[in-house]
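Have a look at protein-v3.csv; it's CSV, C-alpha atoms:
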```
chain,number,residue,atom,x,y,z
A,1,MET,CA,8.7,10.6,18.7
A,2,VAL,CA,12.5,10.7,18.7
A,3,LYS,CA,13.6,13.2,21.3
A,4,ARG,CA,17.3,13.1,20.6
A,5,PHE,CA,18.6,13.3,17.0
A,6,ARG,CA,22.1,13.0,15.8
A,7,ILE,CA,23.0,14.6,12.4
A,8,LEU,CA,25.5,12.6,10.3
A,9,LEU,CA,27.0,14.2,7.2
A,10,THR,CA,27.7,10.6,6.1
A,11,ALA,CA,24.0,9.7,6.5
A,12,ALA,CA,23.3,10.4,2.8
A,13,ALA,CA,25.6,9.8,-0.2
A,14,VAL,CA,25.3,12.1,-3.2
A,15,LEU,CA,26.0,10.7,-6.7
A,16,LEU,CA,26.2,12.8,-9.8
A,17,GLY,CA,25.7,12.0,-13.5
A,18,ILE,CA,24.4,13.2,-16.8
A,19,VAL,CA,20.9,12.2,-17.8
A,20,HIS,CA,20.7,9.7,-20.6
A,21,SER,CA,17.6,8.7,-22.4
A,22,GLY,CA,16.4,5.6,-24.2
A,23,ALA,CA,18.0,3.2,-21.8
A,24,GLU,CA,16.9,-0.4,-21.6
A,25,VAL,CA,14.9,-1.1,-18.5
A,26,ARG,CA,15.9,-4.1,-16.3
A,27,ASP,CA,16.6,-4.9,-12.7
A,28,THR,CA,20.2,-3.8,-12.1
A,29,ARG,CA,20.2,-4.1,-8.4
A,30,PRO,CA,22.9,-6.3,-6.7
A,31,ALA,CA,21.5,-9.8,-6.8
A,32,ILE,CA,22.2,-13.5,-6.5
A,33,TYR,CA,20.1,-15.6,-8.8
A,34,SER,CA,21.5,-19.1,-8.1
A,35,PRO,CA,20.8,-20.4,-4.6
A,36,THR,CA,24.2,-22.0,-4.2
A,37,PHE,CA,25.9,-18.6,-4.2
A,38,LYS,CA,26.4,-16.6,-1.0
A,39,THR,CA,28.1,-13.6,0.5
A,40,LEU,CA,28.4,-11.2,-2.4
A,41,GLN,CA,30.7,-8.4,-1.2
A,42,THR,CA,32.7,-5.5,-2.6
A,43,LYS,CA,35.9,-4.1,-1.2
A,44,VAL,CA,37.8,-0.9,-2.4
A,45,ASN,CA,41.5,-1.1,-1.8
A,46,GLY,CA,40.9,-3.9,0.6
A,47,ASN,CA,38.4,-2.0,2.7
A,48,ASP,CA,35.0,-3.7,3.1
A,49,GLN,CA,33.3,-0.7,4.6
A,50,LEU,CA,33.7,1.7,1.6
A,51,PRO,CA,31.0,2.0,-1.2
A,52,PRO,CA,32.0,0.4,-4.5
A,53,VAL,CA,33.4,3.5,-6.1
A,54,ILE,CA,36.8,3.8,-7.8
A,55,THR,CA,38.4,6.8,-9.5
A,56,MET,CA,39.3,6.7,-13.1
A,57,GLY,CA,43.0,6.7,-13.8
A,58,SER,CA,43.9,6.1,-10.1
A,59,ASP,CA,45.5,3.1,-8.4
A,60,ASP,CA,42.1,2.2,-6.8
A,61,VAL,CA,41.3,-1.5,-6.9
A,62,LEU,CA,37.8,-2.9,-6.6
A,63,THR,CA,37.5,-6.5,-5.4
A,64,VAL,CA,34.2,-8.5,-5.9
A,65,GLY,CA,34.1,-11.5,-3.7
A,66,PHE,CA,31.5,-14.3,-3.4
A,67,ASP,CA,31.2,-18.0,-2.5
A,68,GLU,CA,29.5,-21.0,-4.0
A,69,LEU,CA,28.4,-23.8,-1.7
A,70,ALA,CA,30.2,-26.6,-3.7
A,71,SER,CA,33.2,-28.9,-3.5
A,72,ASP,CA,34.3,-28.3,-7.1
A,73,ARG,CA,35.3,-25.2,-9.0
A,74,ARG,CA,32.8,-23.7,-11.5
A,75,TYR,CA,34.1,-22.1,-14.7
A,76,MET,CA,32.6,-18.7,-15.0
A,77,ARG,CA,33.1,-15.5,-16.9
A,78,TYR,CA,31.8,-11.9,-16.4
A,79,GLU,CA,30.9,-8.9,-18.5
A,80,LEU,CA,30.4,-5.2,-17.7
A,81,LEU,CA,27.3,-3.3,-18.7
A,82,HIS,CA,27.4,0.5,-18.7
A,83,CYS,CA,24.5,2.2,-16.9
A,84,ASN,CA,23.2,5.7,-16.7
A,85,ALA,CA,22.8,7.7,-13.4
A,86,LEU,CA,19.6,5.8,-12.6
A,87,TRP,CA,21.3,2.4,-13.0
A,88,ALA,CA,19.4,1.5,-16.2
A,89,VAL,CA,21.6,-0.1,-18.9
A,90,ASP,CA,22.2,2.7,-21.3
A,91,GLY,CA,22.7,0.7,-24.5
A,92,LEU,CA,26.3,1.8,-25.2
A,93,LEU,CA,28.4,-0.6,-27.3
A,94,PRO,CA,31.0,-2.5,-25.3
A,95,SER,CA,33.7,-1.0,-27.5
A,96,GLU,CA,32.7,2.5,-26.2
A,97,TYR,CA,33.5,1.7,-22.6
A,98,VAL,CA,36.0,-1.2,-22.5
A,99,ASP,CA,39.2,-1.7,-24.3
A,100,GLY,CA,39.2,-5.3,-25.7
A,101,PHE,CA,36.6,-8.0,-25.5
A,102,ASN,CA,33.9,-7.5,-22.9
A,103,GLU,CA,34.6,-10.9,-21.3
A,104,GLY,CA,36.5,-11.5,-18.2
A,105,TYR,CA,37.4,-14.9,-16.7
A,106,VAL,CA,36.8,-15.7,-13.0
A,107,GLU,CA,40.1,-17.4,-12.4
A,108,ASP,CA,40.9,-16.4,-8.8
A,109,TYR,CA,39.4,-19.1,-6.6
A,110,ARG,CA,40.2,-21.0,-3.4
A,111,PHE,CA,38.6,-23.9,-1.6
A,112,SER,CA,37.3,-23.6,2.0
A,113,GLU,CA,39.6,-25.0,4.7
A,114,ALA,CA,38.5,-27.0,7.7
A,115,THR,CA,34.8,-26.0,7.4
A,116,LEU,CA,31.8,-28.3,7.8
A,117,VAL,CA,30.1,-26.6,4.9
A,118,GLN,CA,32.3,-26.9,1.8
A,119,TYR,CA,32.5,-23.8,-0.5
A,120,VAL,CA,34.6,-22.2,-3.1
A,121,HIS,CA,35.6,-18.6,-2.6
A,122,TYR,CA,35.9,-16.5,-5.8
A,123,GLU,CA,37.3,-13.0,-6.4
A,124,ILE,CA,37.2,-10.6,-9.4
A,125,VAL,CA,39.5,-7.6,-9.4
A,126,ILE,CA,38.7,-4.4,-11.3
A,127,PRO,CA,40.5,-3.0,-13.2
A,128,ASP,CA,41.3,-6.3,-15.1
A,129,PRO,CA,44.4,-6.0,-17.4
A,130,ALA,CA,42.5,-8.0,-20.0
A,131,LEU,CA,39.3,-5.9,-19.7
A,132,LYS,CA,40.3,-2.2,-19.3
A,133,ILE,CA,37.6,0.4,-18.6
A,134,LYS,CA,37.9,3.5,-20.6
A,135,LEU,CA,34.7,5.4,-19.7
A,136,SER,CA,33.6,6.6,-16.3
A,137,GLY,CA,30.1,6.0,-15.1
A,138,ASN,CA,28.0,3.4,-13.3
A,139,TYR,CA,28.6,-0.3,-14.1
A,140,LEU,CA,26.8,-3.6,-13.6
A,141,LEU,CA,29.1,-6.6,-13.4
A,142,ARG,CA,27.3,-9.7,-14.5
A,143,VAL,CA,28.7,-13.2,-13.7
A,144,TYR,CA,27.6,-16.3,-15.7
A,145,ASP,CA,28.5,-19.9,-16.3
A,146,GLU,CA,30.7,-20.5,-19.3
A,147,ASN,CA,28.3,-23.2,-20.5
A,148,ASP,CA,25.2,-20.9,-20.1
A,149,PRO,CA,26.2,-17.3,-20.9
A,150,ASP,CA,22.5,-16.1,-21.0
A,151,GLU,CA,21.8,-17.2,-17.4
A,152,THR,CA,23.0,-14.7,-14.8
A,153,LEU,CA,24.4,-16.3,-11.6
A,154,LEU,CA,24.9,-13.0,-9.8
A,155,GLN,CA,25.4,-9.3,-10.4
A,156,VAL,CA,26.8,-6.3,-8.5
A,157,ARG,CA,27.1,-2.6,-9.0
A,158,PHE,CA,30.1,-0.3,-9.0
A,159,SER,CA,31.0,3.2,-10.1
A,160,VAL,CA,34.0,4.7,-11.9
A,161,VAL,CA,34.2,8.4,-11.2
A,162,GLU,CA,36.0,11.4,-12.6
A,163,PRO,CA,36.0,14.2,-10.0
A,164,THR,CA,35.3,17.0,-12.5
A,165,MET,CA,32.4,18.4,-10.4
A,166,SER,CA,32.3,19.3,-6.7
A,167,ALA,CA,29.2,18.6,-4.6
A,168,THR,CA,28.1,20.2,-1.3
A,169,ALA,CA,25.6,18.5,1.0
A,170,GLU,CA,24.2,20.0,4.2
A,171,VAL,CA,22.0,18.0,6.5
A,172,THR,CA,19.8,19.4,9.3
A,173,SER,CA,17.2,18.2,11.8
A,174,ARG,CA,15.4,21.6,11.4
A,175,THR,CA,13.2,20.5,8.5
A,176,ASP,CA,10.2,21.8,6.7
A,177,ILE,CA,8.2,19.1,8.5
A,178,ASP,CA,9.3,19.3,12.1
A,179,TYR,CA,12.0,20.9,14.3
A,180,ASN,CA,14.7,18.7,15.9
A,181,ASN,CA,12.2,15.9,15.9
A,182,SER,CA,12.2,12.8,13.7
A,183,HIS,CA,13.4,13.8,10.2
A,184,GLN,CA,16.5,15.0,8.5
A,185,GLN,CA,16.6,17.4,5.5
A,186,LEU,CA,19.3,17.8,2.9
A,187,THR,CA,20.4,20.8,0.9
A,188,VAL,CA,22.6,19.9,-2.1
A,189,GLY,CA,24.8,22.0,-4.3
A,190,VAL,CA,26.6,21.0,-7.5
A,191,ASP,CA,29.3,23.1,-9.0
A,192,ALA,CA,29.6,22.3,-12.8
A,193,LYS,CA,32.3,24.9,-13.5
A,194,GLY,CA,34.7,23.7,-16.2
A,195,THR,CA,32.5,20.8,-17.4
A,196,ALA,CA,30.6,20.1,-20.6
A,197,VAL,CA,27.2,20.6,-19.0
A,198,ASN,CA,25.3,23.1,-21.1
A,199,ASN,CA,21.9,23.1,-19.6
A,200,MET,CA,22.1,22.9,-15.8
A,201,MET,CA,18.3,22.9,-15.4
A,202,ASN,CA,17.9,19.7,-17.4
A,203,ASP,CA,21.3,17.9,-17.8
A,204,LEU,CA,22.1,17.2,-14.2
A,205,ILE,CA,20.7,14.5,-12.0
A,206,VAL,CA,21.4,14.0,-8.3
A,207,VAL,CA,20.8,10.6,-6.7
A,208,VAL,CA,20.6,10.5,-2.9
A,209,GLU,CA,20.8,7.3,-0.9
A,210,GLN,CA,20.4,7.1,2.9
A,211,ASN,CA,23.0,4.7,4.3
A,212,GLY,CA,23.0,2.6,1.1
A,213,ARG,CA,19.3,1.9,1.2
A,214,GLN,CA,17.4,1.3,-2.0
A,215,ASP,CA,13.8,1.6,-0.8
A,216,ASN,CA,13.9,5.4,-0.3
A,217,ARG,CA,16.4,6.4,-2.9
A,218,VAL,CA,15.7,9.8,-4.5
A,219,ALA,CA,16.6,11.0,-8.0
A,220,LEU,CA,16.3,14.7,-8.7
A,221,THR,CA,16.6,17.0,-11.8
A,222,ASN,CA,15.6,20.6,-12.2
A,223,PRO,CA,17.4,22.4,-9.4
A,224,THR,CA,15.4,25.0,-7.4
A,225,ARG,CA,17.9,27.7,-8.3
A,226,ILE,CA,21.2,28.3,-10.1
A,227,ALA,CA,23.9,30.7,-8.8
A,228,GLY,CA,26.7,31.1,-11.3
A,229,SER,CA,28.1,27.6,-12.0
A,230,VAL,CA,26.4,26.1,-8.9
A,231,ALA,CA,23.0,24.3,-9.0
A,232,TRP,CA,21.1,24.1,-5.7
A,233,TRP,CA,18.4,21.9,-4.5
A,234,GLU,CA,16.8,23.6,-1.4
A,235,HIS,CA,13.6,23.0,0.5
A,236,VAL,CA,12.8,20.0,-1.7
A,237,PRO,CA,10.2,17.7,-0.1
A,238,LEU,CA,11.9,14.6,-1.5
A,239,LEU,CA,15.1,15.5,0.4
A,240,ILE,CA,13.4,15.0,3.8
A,241,PHE,CA,14.1,11.6,5.2
A,242,ASP,CA,12.9,9.8,8.3
A,243,GLY,CA,15.6,10.0,11.0
A,244,GLY,CA,15.1,6.5,12.4
A,245,ASN,CA,17.6,4.8,14.7
A,246,GLU,CA,21.0,3.2,14.1
A,247,TYR,CA,21.4,-0.2,12.6
A,248,ARG,CA,21.2,-3.3,14.8
A,249,ARG,CA,24.4,-5.3,15.2
A,250,MET,CA,25.3,-8.9,15.8
A,251,GLU,CA,28.5,-11.0,15.6
A,252,THR,CA,28.8,-14.7,14.9
A,253,ILE,CA,32.6,-14.8,14.9
A,254,SER,CA,32.9,-18.0,17.0
A,255,THR,CA,31.1,-21.3,17.2
A,256,ASN,CA,32.5,-21.9,20.7
A,257,TYR,CA,31.1,-18.9,22.5
A,258,PRO,CA,28.2,-16.5,21.8
A,259,GLY,CA,29.2,-13.2,20.3
A,260,MET,CA,27.4,-9.9,20.3
A,261,ARG,CA,23.6,-10.4,20.6
A,262,VAL,CA,23.9,-14.2,20.2
A,263,ALA,CA,21.7,-16.0,22.7
A,264,GLU,CA,22.5,-19.6,21.9
A,265,ILE,CA,24.8,-21.7,19.7
A,266,SER,CA,23.8,-25.2,18.7
A,267,PHE,CA,24.7,-27.8,16.1
A,268,ALA,CA,22.4,-30.0,14.0
A,269,ASP,CA,24.2,-31.7,11.2
A,270,PRO,CA,25.3,-30.2,8.8
A,271,PHE,CA,25.0,-26.7,10.2
A,272,TYR,CA,25.8,-24.7,13.3
A,273,HIS,CA,22.8,-22.6,14.5
A,274,PHE,CA,23.1,-19.1,15.9
A,275,THR,CA,20.0,-18.0,17.7
A,276,LEU,CA,20.0,-14.2,18.2
A,277,GLN,CA,18.5,-12.4,21.1
A,278,THR,CA,15.0,-11.3,20.3
A,279,ASP,CA,14.8,-7.8,18.9
A,280,GLN,CA,12.3,-5.2,20.1
A,281,PRO,CA,10.6,-2.5,18.1
A,282,ARG,CA,12.3,0.9,18.6
A,283,ALA,CA,9.7,3.3,17.0
A,284,GLY,CA,8.8,6.0,19.4
A,285,LEU,CA,11.8,5.4,21.7
A,286,ASP,CA,14.6,7.9,22.4
A,287,TYR,CA,17.3,8.0,19.8
A,288,VAL,CA,20.4,6.0,21.0
A,289,TYR,CA,23.7,6.5,19.2
A,290,ASP,CA,25.7,3.5,18.2
A,291,SER,CA,28.7,3.3,16.0
A,292,THR,CA,27.5,1.0,13.2
A,293,GLN,CA,28.6,0.2,9.7
A,294,LYS,CA,25.3,1.5,8.1
A,295,GLY,CA,24.2,-1.9,6.9
A,296,ARG,CA,27.5,-3.4,5.7
A,297,PHE,CA,29.2,-6.6,7.1
A,298,ARG,CA,32.6,-8.0,7.7
A,299,ILE,CA,33.5,-11.7,7.3
A,300,ARG,CA,35.4,-12.9,10.3
A,301,GLU,CA,36.2,-16.0,12.2
A,302,TYR,CA,37.9,-15.0,15.4
A,303,ASN,CA,40.6,-17.7,15.4
A,304,SER,CA,41.5,-17.4,11.7
A,305,ASP,CA,44.0,-15.3,9.7
A,306,ASP,CA,42.1,-16.1,6.5
A,307,SER,CA,38.4,-15.8,7.2
A,308,ASP,CA,37.5,-15.7,3.5
A,309,VAL,CA,38.1,-19.5,3.3
A,310,GLU,CA,38.1,-20.5,7.0
A,311,ALA,CA,34.8,-18.9,8.2
A,312,GLU,CA,31.9,-21.3,8.6
A,313,TYR,CA,28.4,-21.1,7.2
A,314,ALA,CA,25.7,-21.3,9.8
A,315,LEU,CA,21.9,-20.9,10.0
A,316,THR,CA,21.3,-17.6,11.8
A,317,HIS,CA,17.9,-17.2,13.5
A,318,PHE,CA,16.3,-13.7,13.8
A,319,SER,CA,13.2,-12.8,15.8
A,320,LEU,CA,11.2,-9.7,16.5
A,321,GLU,CA,8.8,-9.4,19.4
A,322,MET,CA,5.9,-7.5,17.8
A,323,PRO,CA,2.1,-8.1,17.5
A,324,GLU,CA,1.1,-9.6,14.2
A,325,ARG,CA,0.1,-7.1,11.6
A,326,ASN,CA,-1.8,-7.9,8.4
A,327,ASP,CA,-1.3,-4.5,6.8
A,328,VAL,CA,2.5,-4.6,6.4
A,329,ASP,CA,5.4,-7.0,5.6
A,330,ILE,CA,8.5,-7.0,7.7
A,331,PHE,CA,11.9,-7.7,6.1
A,332,ILE,CA,15.5,-7.9,7.2
A,333,ASP,CA,17.4,-5.2,5.4
A,334,GLY,CA,21.1,-4.6,4.9
A,335,ASP,CA,23.9,-5.8,2.7
A,336,LEU,CA,23.4,-9.3,4.2
A,337,THR,CA,20.2,-9.6,2.1
A,338,LEU,CA,21.6,-7.4,-0.7
A,339,ARG,CA,19.0,-4.8,0.3
A,340,ARG,CA,16.3,-6.8,-1.5
A,341,PHE,CA,12.8,-7.2,-0.1
A,342,SER,CA,12.4,-10.9,-1.2
A,343,PRO,CA,11.0,-14.2,0.2
A,344,GLU,CA,14.5,-14.9,1.6
A,345,SER,CA,14.5,-11.7,3.7
A,346,LEU,CA,10.8,-11.8,4.7
A,347,MET,CA,10.0,-12.4,8.4
A,348,VAL,CA,7.0,-14.6,9.1
A,349,PHE,CA,4.8,-14.4,12.2
A,350,ASN,CA,5.0,-17.6,14.3
A,351,ARG,CA,1.8,-17.8,16.3
A,352,ALA,CA,3.3,-20.5,18.6
A,353,THR,CA,6.0,-18.1,19.8
A,354,GLY,CA,4.3,-14.8,19.2
A,355,LEU,CA,7.3,-13.6,17.3
A,356,TYR,CA,8.2,-12.6,13.8
A,357,GLU,CA,11.0,-15.0,12.7
A,358,ALA,CA,13.4,-15.5,9.8
A,359,THR,CA,16.4,-17.7,9.2
A,360,LEU,CA,19.4,-16.9,7.0
A,361,LEU,CA,22.3,-19.0,6.0
A,362,LEU,CA,25.2,-16.6,6.7
A,363,LYS,CA,29.0,-16.8,6.8
A,364,GLN,CA,30.5,-16.1,10.2
A,365,GLY,CA,31.2,-12.4,10.7
A,366,ALA,CA,30.0,-9.0,12.1
A,367,TYR,CA,26.7,-7.9,10.6
A,368,ASN,CA,24.6,-4.8,10.5
A,369,TYR,CA,20.8,-5.0,9.8
A,370,GLN,CA,17.5,-3.3,10.3
```

I'd like the structure from this file rewritten - as structure tokens, please.
Amino acid sequence: MVKRFRILLTAAAVLLGIVHSGAEVRDTRPAIYSPTFKTLQTKVNGNDQLPPVITMGSDDVLTVGFDELASDRRYMRYELLHCNALWAVDGLLPSEYVDGFNEGYVEDYRFSEATLVQYVHYEIVIPDPALKIKLSGNYLLRVYDENDPDETLLQVRFSVVEPTMSATAEVTSRTDIDYNNSHQQLTVGVDAKGTAVNNMMNDLIVVVEQNGRQDNRVALTNPTRIAGSVAWWEHVPLLIFDGGNEYRRMETISTNYPGMRVAEISFADPFYHFTLQTDQPRAGLDYVYDSTQKGRFRIREYNSDDSDVEAEYALTHFSLEMPERNDVDIFIDGDLTLRRFSPESLMVFNRATGLYEATLLLKQGAYNYQ
């Protein structure tokens, strides 16, 4: 069991919204559907460590960046789909949430420079003068080829907020399950004073995510109590989360010398290969604090002033020393795999080495994963 436990107020993000019904059901998680596209990332005001959230009417700028492994530019467009608090497309007409045609052009592109793997780096900036957002809420940005508008190449989420409510979140290791042991429990309060919420028992929804994870996200309605204009969720079993340990880190910022947790660098045409140090299971060990980025990553080539187009793509080899298990699957999780449990992020047990192994084609940088 974890003997030392550090409580982080930033460990869980609280998102607020009004419940909508009758929404279309579809997969609206961030995704890349074409294998030639890589490194889908969002930045807010140039910061790659912030969640993709901008404030309505402010000077905030959201940048969506991605690469295609290609030598020529592709002509692409994008559209915005308005989603409800649970990220289901809510069926609003485009004219209700954007001013003008719901069609943006992906025109900001640059070719990679001095890299063995050729790619084209694209960026989309929100707000777009030609596609103005006029309604707050959750949005899915869908990118498609001009010649095949029905086929999604990739998609990413972002939120446009209006700070009309205030939220309070308190986290403690003294939970309803154990005491200063291996869990953290949240108490959440939402003040709806001055808003159009009429029925606080049914019209509010609170979505809680732990460090951006999708696998244990919780959505709550029906607060446990209401005090004046404040709705409270207290002693709710769904708001008890496993404490766990910090994210693991690795850096592939140089092809000349091994960075953090890189055991070996090699080259086999056409790729560089980064073999990481073998990871060990940490369940049951003492908690060890590490200042991580909670699953996010930063593209970086140590000798470059423009890593977006000068960082190399390399095959990165992960391994985990753990006895084979037939009752579970083991995945690499974090923004590097878009938080999706997929064949690409699945680790496979290699009986010859006695290790779980996986290989990802990643752009040089500093990565968090678990």

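For the set A:Asn216, A:Ser173, A:Gln364, A:Thr353, the residue with the smallest atom-to-atom gap to Phe271 of chain A is A:Gln364, counting all atoms listed in the file.
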
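Distances here use all atoms listed in the file; by that measure, the residue among A:Met165, A:Ala114, A:Leu362, A:Leu81 closest to Asp306 of chain A is A:Ala114.
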
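Candidate residues A:Gln185, A:Ala70, A:Met56, A:Thr337 were compared for distance to Leu135 of chain A, and the nearest is A:Met56, using only C-alpha atoms.
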
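The residue that comes closest to Gln41 of chain A, out of A:Arg351, A:Lys363, A:Arg110, A:Arg77 and on the basis of only C-alpha atoms, is A:Lys363.
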
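If all atoms listed in the file are the atoms counted, then among A:Arg296, A:Glu301, A:Asp176, A:Ile126 the closest residue to Asn256 of chain A is A:Glu301.
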
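Shortest separation to Gly100 of chain A among A:Val143, A:Ala167, A:Ala358, A:Leu80 occurs at residue A:Leu80, atoms counted being all atoms listed in the file.
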
(request) List every protein, DNA or RNA residue that has at least one atom no more than 10 Å from (31.5, -23.9, 7.9) in the file's coordinates, counting only C-alpha atoms, and write the result as a ChimeraX atom specification. (result) /A:112-119,255,270-272,309-314,362-364

(request) Would you work out the distance separating atom CA of Pro163 of chain A from atom CA of Arg339 of chain A, expressed in Å to one decimal? (result) 27.5 Å

Name the residues in contact with Glu344 of chain A at a cut-off of 10 Å, using only C-alpha atoms, excluding same-chain residues fewer than 5 positions from it; report them as an mmCIF file with C-alpha atoms, in the frame of the given file.
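Produced file part.cif, reproduced below:
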```cif
data_model
loop_
_atom_site.group_PDB
_atom_site.id
_atom_site.type_symbol
_atom_site.label_atom_id
_atom_site.label_comp_id
_atom_site.auth_asym_id
_atom_site.auth_seq_id
_atom_site.Cartn_x
_atom_site.Cartn_y
_atom_site.Cartn_z
ATOM 1 C CA PHE A 331 11.900 -7.700 6.100
ATOM 2 C CA ILE A 332 15.500 -7.900 7.200
ATOM 3 C CA THR A 337 20.200 -9.600 2.100
ATOM 4 C CA ALA A 358 13.400 -15.500 9.800
ATOM 5 C CA THR A 359 16.400 -17.700 9.200
ATOM 6 C CA LEU A 360 19.400 -16.900 7.000
ATOM 7 C CA LEU A 361 22.300 -19.000 6.000
#
```

(message) For Arg261 of chain A, find every residue with an atom within 8 Å (counting all atoms listed in the file), except residues of its own chain fewer than 2 positions away, and show them as a VMD selection string.
(response) chain A and resid 249 to 251 258 to 259 263 276 to 277

(request) Could you please determine the separation between atom CA of Ser229 of chain A and atom CA of Tyr97 of chain A in Å, to one decimal place? (result) 28.5 Å

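Coordinates place atom CA of Ser166 of chain A at a distance of 20.4 Å from atom CA of His235 of chain A.
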
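Shell of Thr278 of chain A at 8 Å, with only C-alpha atoms counted and residues fewer than 3 places along the chain excluded, is Phe318, Ser319, Leu320 and Glu321 of chain A.
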
(message) What's around Ser136 of chain A at 7 Å? Count only C-alpha atoms, leave out sequence neighbours fewer than 2 positions away in its own chain, and write the answer as a list in words.
(response) Met56, Lys134, Val160, Val161 and Glu162 of chain A

(message) At a cut-off of 9 Å around the point (37.7, -2.2, -1.8) (file coordinates), what residues fall inside when counting all atoms listed in the file? I'd like the answer as an NGL selection string.
(response) :A and (42-54 or 60-64)

(message) Need the shell around Gly137 of chain A: protein/DNA/RNA residues with any atom at most 9 Å away, counting only C-alpha atoms. Skip same-chain ones fewer than 6 positions apart. Format as an NGL selection string?
(response) :A and (17 or 82-85 or 158-162)
